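Enquirer: Right, I'll just put the structure down here and ask away after.
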Amino acid sequence: MTELSPRPRRRRWLTVVVAVVAVVVYAVVVLLYASGLRSSSNGCETVIEGDDGVTVLLQPAAVQAANQRLEFQVSLDPADSLMSDDNYTPRHRISLLTFPVDGTRVQSFAEGEALASSLQSDYAEGVVEEWPFDSYRSELTTFAFTGEGAERVAVPTAVCLHDSVPGWQLEIHRLDDTDHSVITAQGETPLPSVVITATRSASTVAFGIVLLGLMAVVPVLVLFVAISAYTGRRKVEATLTSWIGAMIFATIPLRNFLPGSPPVGSWIDYLVVLWVIVGLVTGLTIYILAWNRWGTRAEPRSPHETEQPQH
């Protein structure tokens with residue numbers, strides 16, 4: 001019986017390893033996507049202690065990374081003791097103060113007026129150029145109160161983050177180190193703030209890393225083909241120059257396909273995209289030199305072909 005040579009056996013193992021790695025990467029990306037698909041970011045923090053108070057619901061609407069803004073829908077959910085028998089209008093006038101926001105800071109609902117929500121946006125500190133590892137931090141102060149002017153009295157307030165934004169994971173926690181205070185039924189009380197932190201989901205990060213990795217493989221393949229042709233190990237095919245040129249022009253659409261649309265000048269441009277283009281152009285240059293070196297020579301024209309026609 002003939003034994004397999006080391007080279008075919010090595011190629012077989014290499015094929016198996018590549019297939020296993022591809023399956024593992026595919027499974028990881030799918031699992032990360034499934035685990036982060038519209039995952040809820042529920043969490044509550046109490047800013048004014050007490051019973052029979054108000055819950056402020058913050059429903060994230062969008063994370064504007066380029067503009068450093070966090071948009072959310074604000075709505076009130078008062079306790080039953082503060083609501084009328086119809087369960088959708090307050091028994092007494094109730095107001096909500098929220099700052100700093102770009103929209104209305106005070107929302108007031110008179111007795112018998114249906115509670116409504118409002119779309120607000122707040123500054124979110126972060127660096128979008130760090131995509132996909134960028135995160136954003138938004139500090140917010142909010143509480144509910146009854147009465148007006150000097151008779152304003154804060155009621156027990158809890159702030160809850162409800163729902164999420166596709167591609168993002170949001171968390172909320174209380175910040176006690178503030179200089180704010182309010183007047184409650186028990187007297188002057190410190191008023192904590194809440195901090196909302198937004199980070200990109202694991203599926204988004206995995207998608208970006210895989211796509212960047214695939215982009216980095218393309219110039220390696222082009223350089224392999226170009227160098228093989230230049231050294232004479234492979235035949236020069238002039239049509240391959242079109243393939244290499246197409247890879248150069250395909251780099252920017254691939255880069256813009258990244259989720260979250262990272263702005264030009266992000267770290268990926270300096271560490272990945274720029275060098276992908278450099279590698280592709282280098283490969284094209286080497287292949288042109290190989291074509292010039294090994295390509296089919298043009299046949300010289302005969303003298304009668306170069307003569308000008310007589311009129």
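In the structure tokens, each chain is lettered A, B, ... as it comes, each chain's residues begin at 1, and ligands are numbered from 1 in order of appearance.
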Pick out the residues sitting within 9 Å of Pro192 in chain A, and hand them over as JSON, numbers by chain; count only C-alpha atoms, and ignore anything fewer than 6 positions along from it in its own chain.

Expert: {"A": [46, 47, 48, 141, 142, 174, 175, 176, 177, 178, 179, 180, 181]}

Enquirer: What's the 7 Å shell around Ala79 in chain A, counting only C-alpha atoms, without same-chain residues fewer than 2 positions away, as a ChimeraX atom specification?

Expert: /A:52-54,77,81-83

Enquirer: Each residue of range 155-244 of chain A lying at most 10 Å from range 145-148 of chain A should get a row with its shortest atom-to-atom pair and the distance in Å to one decimal, counting only C-alpha atoms; could you produce that, ordered by chain and increasing number, as CSV?

Expert:
residue,atom,partner,partner_atom,distance
A:Val155,CA,A:Phe145,CA,5.3
A:Pro156,CA,A:Phe145,CA,8.5
A:Thr157,CA,A:Phe145,CA,8.9
A:Val182,CA,A:Phe145,CA,9.5
A:Ile183,CA,A:Phe145,CA,9.3
A:Thr184,CA,A:Phe145,CA,8.6

Enquirer: Write the residues of the preceding selection, restricted to N, CA, C and O atoms, as an mmCIF file, in the first residue's frame.

Expert:
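Ended up saving to selection-v3.cif:
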data_model
loop_
_atom_site.group_PDB
_atom_site.id
_atom_site.type_symbol
_atom_site.label_atom_id
_atom_site.label_comp_id
_atom_site.auth_asym_id
_atom_site.auth_seq_id
_atom_site.Cartn_x
_atom_site.Cartn_y
_atom_site.Cartn_z
ATOM 1 N N VAL A 155 -41.798 64.950 45.838
ATOM 2 C CA VAL A 155 -42.398 63.682 46.252
ATOM 3 C C VAL A 155 -41.386 62.570 46.005
ATOM 4 O O VAL A 155 -40.436 62.721 45.208
ATOM 5 N N PRO A 156 -41.516 61.440 46.676
ATOM 6 C CA PRO A 156 -40.598 60.316 46.438
ATOM 7 C C PRO A 156 -40.525 59.975 44.948
ATOM 8 O O PRO A 156 -41.545 59.859 44.271
ATOM 9 N N THR A 157 -39.296 59.853 44.457
ATOM 10 C CA THR A 157 -39.086 59.682 43.019
ATOM 11 C C THR A 157 -38.081 58.568 42.768
ATOM 12 O O THR A 157 -37.025 58.518 43.402
ATOM 13 N N VAL A 182 -33.557 69.308 47.634
ATOM 14 C CA VAL A 182 -34.958 69.661 47.427
ATOM 15 C C VAL A 182 -35.668 69.671 48.765
ATOM 16 O O VAL A 182 -35.183 69.116 49.764
ATOM 17 N N ILE A 183 -36.830 70.302 48.757
ATOM 18 C CA ILE A 183 -37.674 70.339 49.959
ATOM 19 C C ILE A 183 -38.729 69.244 49.835
ATOM 20 O O ILE A 183 -39.515 69.230 48.881
ATOM 21 N N THR A 184 -38.730 68.337 50.766
ATOM 22 C CA THR A 184 -39.725 67.274 50.810
ATOM 23 C C THR A 184 -40.598 67.460 52.056
ATOM 24 O O THR A 184 -40.424 68.422 52.818
#

Enquirer: Restricting the calculation to only C-alpha atoms: of A:Ser135, A:Thr296, A:Ser201, A:Gln59, which residue gets closest to Ser118 in chain A?

Expert: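 When distances to Ser118 in chain A are compared using only C-alpha atoms, the smallest one comes from A:Gln59.
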
Enquirer: Hey, what's within 7 Å of Leu76 in chain A if we count only C-alpha atoms and toss same-chain stuff fewer than 5 positions away? As a count of residues only, please?

Expert: 4

Enquirer: With distances taken over only C-alpha atoms, which residue among A:Ala154, A:Leu140, A:Val25, A:Val281 lies nearest Ala124 in chain A?

Expert: A:Leu140

Enquirer: What parts of range 11-172 of chain A does DSSP call helix (DSSP H, G or I)? I'd like the answer as a ChimeraX atom specification.

Expert: /A:11-35,80-82,128-130,149-151

Enquirer: Restricted to C-alpha atoms, what would the selected residues look like written as a PDB file, in the first residue's frame?

Expert:
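For reference, again_4.pdb as written:
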ATOM      1  CA  ARG A  11      -2.869  20.271   3.401  1.00  0.00           C
ATOM      2  CA  ARG A  12      -5.698  18.110   4.681  1.00  0.00           C
ATOM      3  CA  TRP A  13      -5.033  19.164   8.287  1.00  0.00           C
ATOM      4  CA  LEU A  14      -4.803  22.796   7.224  1.00  0.00           C
ATOM      5  CA  THR A  15      -8.186  22.544   5.501  1.00  0.00           C
ATOM      6  CA  VAL A  16      -9.730  20.995   8.609  1.00  0.00           C
ATOM      7  CA  VAL A  17      -8.283  23.698  10.888  1.00  0.00           C
ATOM      8  CA  VAL A  18      -9.522  26.510   8.620  1.00  0.00           C
ATOM      9  CA  ALA A  19     -12.991  24.963   8.454  1.00  0.00           C
ATOM     10  CA  VAL A  20     -13.183  24.558  12.243  1.00  0.00           C
ATOM     11  CA  VAL A  21     -12.062  28.164  12.828  1.00  0.00           C
ATOM     12  CA  ALA A  22     -14.637  29.431  10.319  1.00  0.00           C
ATOM     13  CA  VAL A  23     -17.426  27.483  12.011  1.00  0.00           C
ATOM     14  CA  VAL A  24     -16.395  28.697  15.476  1.00  0.00           C
ATOM     15  CA  VAL A  25     -16.241  32.353  14.361  1.00  0.00           C
ATOM     16  CA  TYR A  26     -19.629  32.024  12.667  1.00  0.00           C
ATOM     17  CA  ALA A  27     -21.186  30.462  15.759  1.00  0.00           C
ATOM     18  CA  VAL A  28     -19.744  33.143  18.070  1.00  0.00           C
ATOM     19  CA  VAL A  29     -21.074  35.987  15.897  1.00  0.00           C
ATOM     20  CA  VAL A  30     -24.528  34.393  15.674  1.00  0.00           C
ATOM     21  CA  LEU A  31     -24.708  33.769  19.429  1.00  0.00           C
ATOM     22  CA  LEU A  32     -23.577  37.306  20.222  1.00  0.00           C
ATOM     23  CA  TYR A  33     -26.184  38.710  17.858  1.00  0.00           C
ATOM     24  CA  ALA A  34     -28.917  36.539  19.350  1.00  0.00           C
ATOM     25  CA  SER A  35     -27.989  37.493  22.917  1.00  0.00           C
ATOM     26  CA  ASP A  80     -52.260  55.057  42.883  1.00  0.00           C
ATOM     27  CA  SER A  81     -52.620  57.531  45.770  1.00  0.00           C
ATOM     28  CA  LEU A  82     -51.646  60.383  43.424  1.00  0.00           C
ATOM     29  CA  VAL A 128     -16.793  58.339  18.620  1.00  0.00           C
ATOM     30  CA  GLU A 129     -13.345  57.895  17.022  1.00  0.00           C
ATOM     31  CA  GLU A 130     -12.786  54.990  19.422  1.00  0.00           C
ATOM     32  CA  GLY A 149     -43.225  78.370  43.730  1.00  0.00           C
ATOM     33  CA  ALA A 150     -42.477  78.504  47.458  1.00  0.00           C
ATOM     34  CA  GLU A 151     -45.079  75.800  48.108  1.00  0.00           C
TER      35      GLU A 151
END

Enquirer: Given only C-alpha atoms as the basis, pick out the residue of A:Thr89, A:Val127, A:Glu49, A:Pro132 nearest to Val210 in chain A.

Expert: A:Pro132
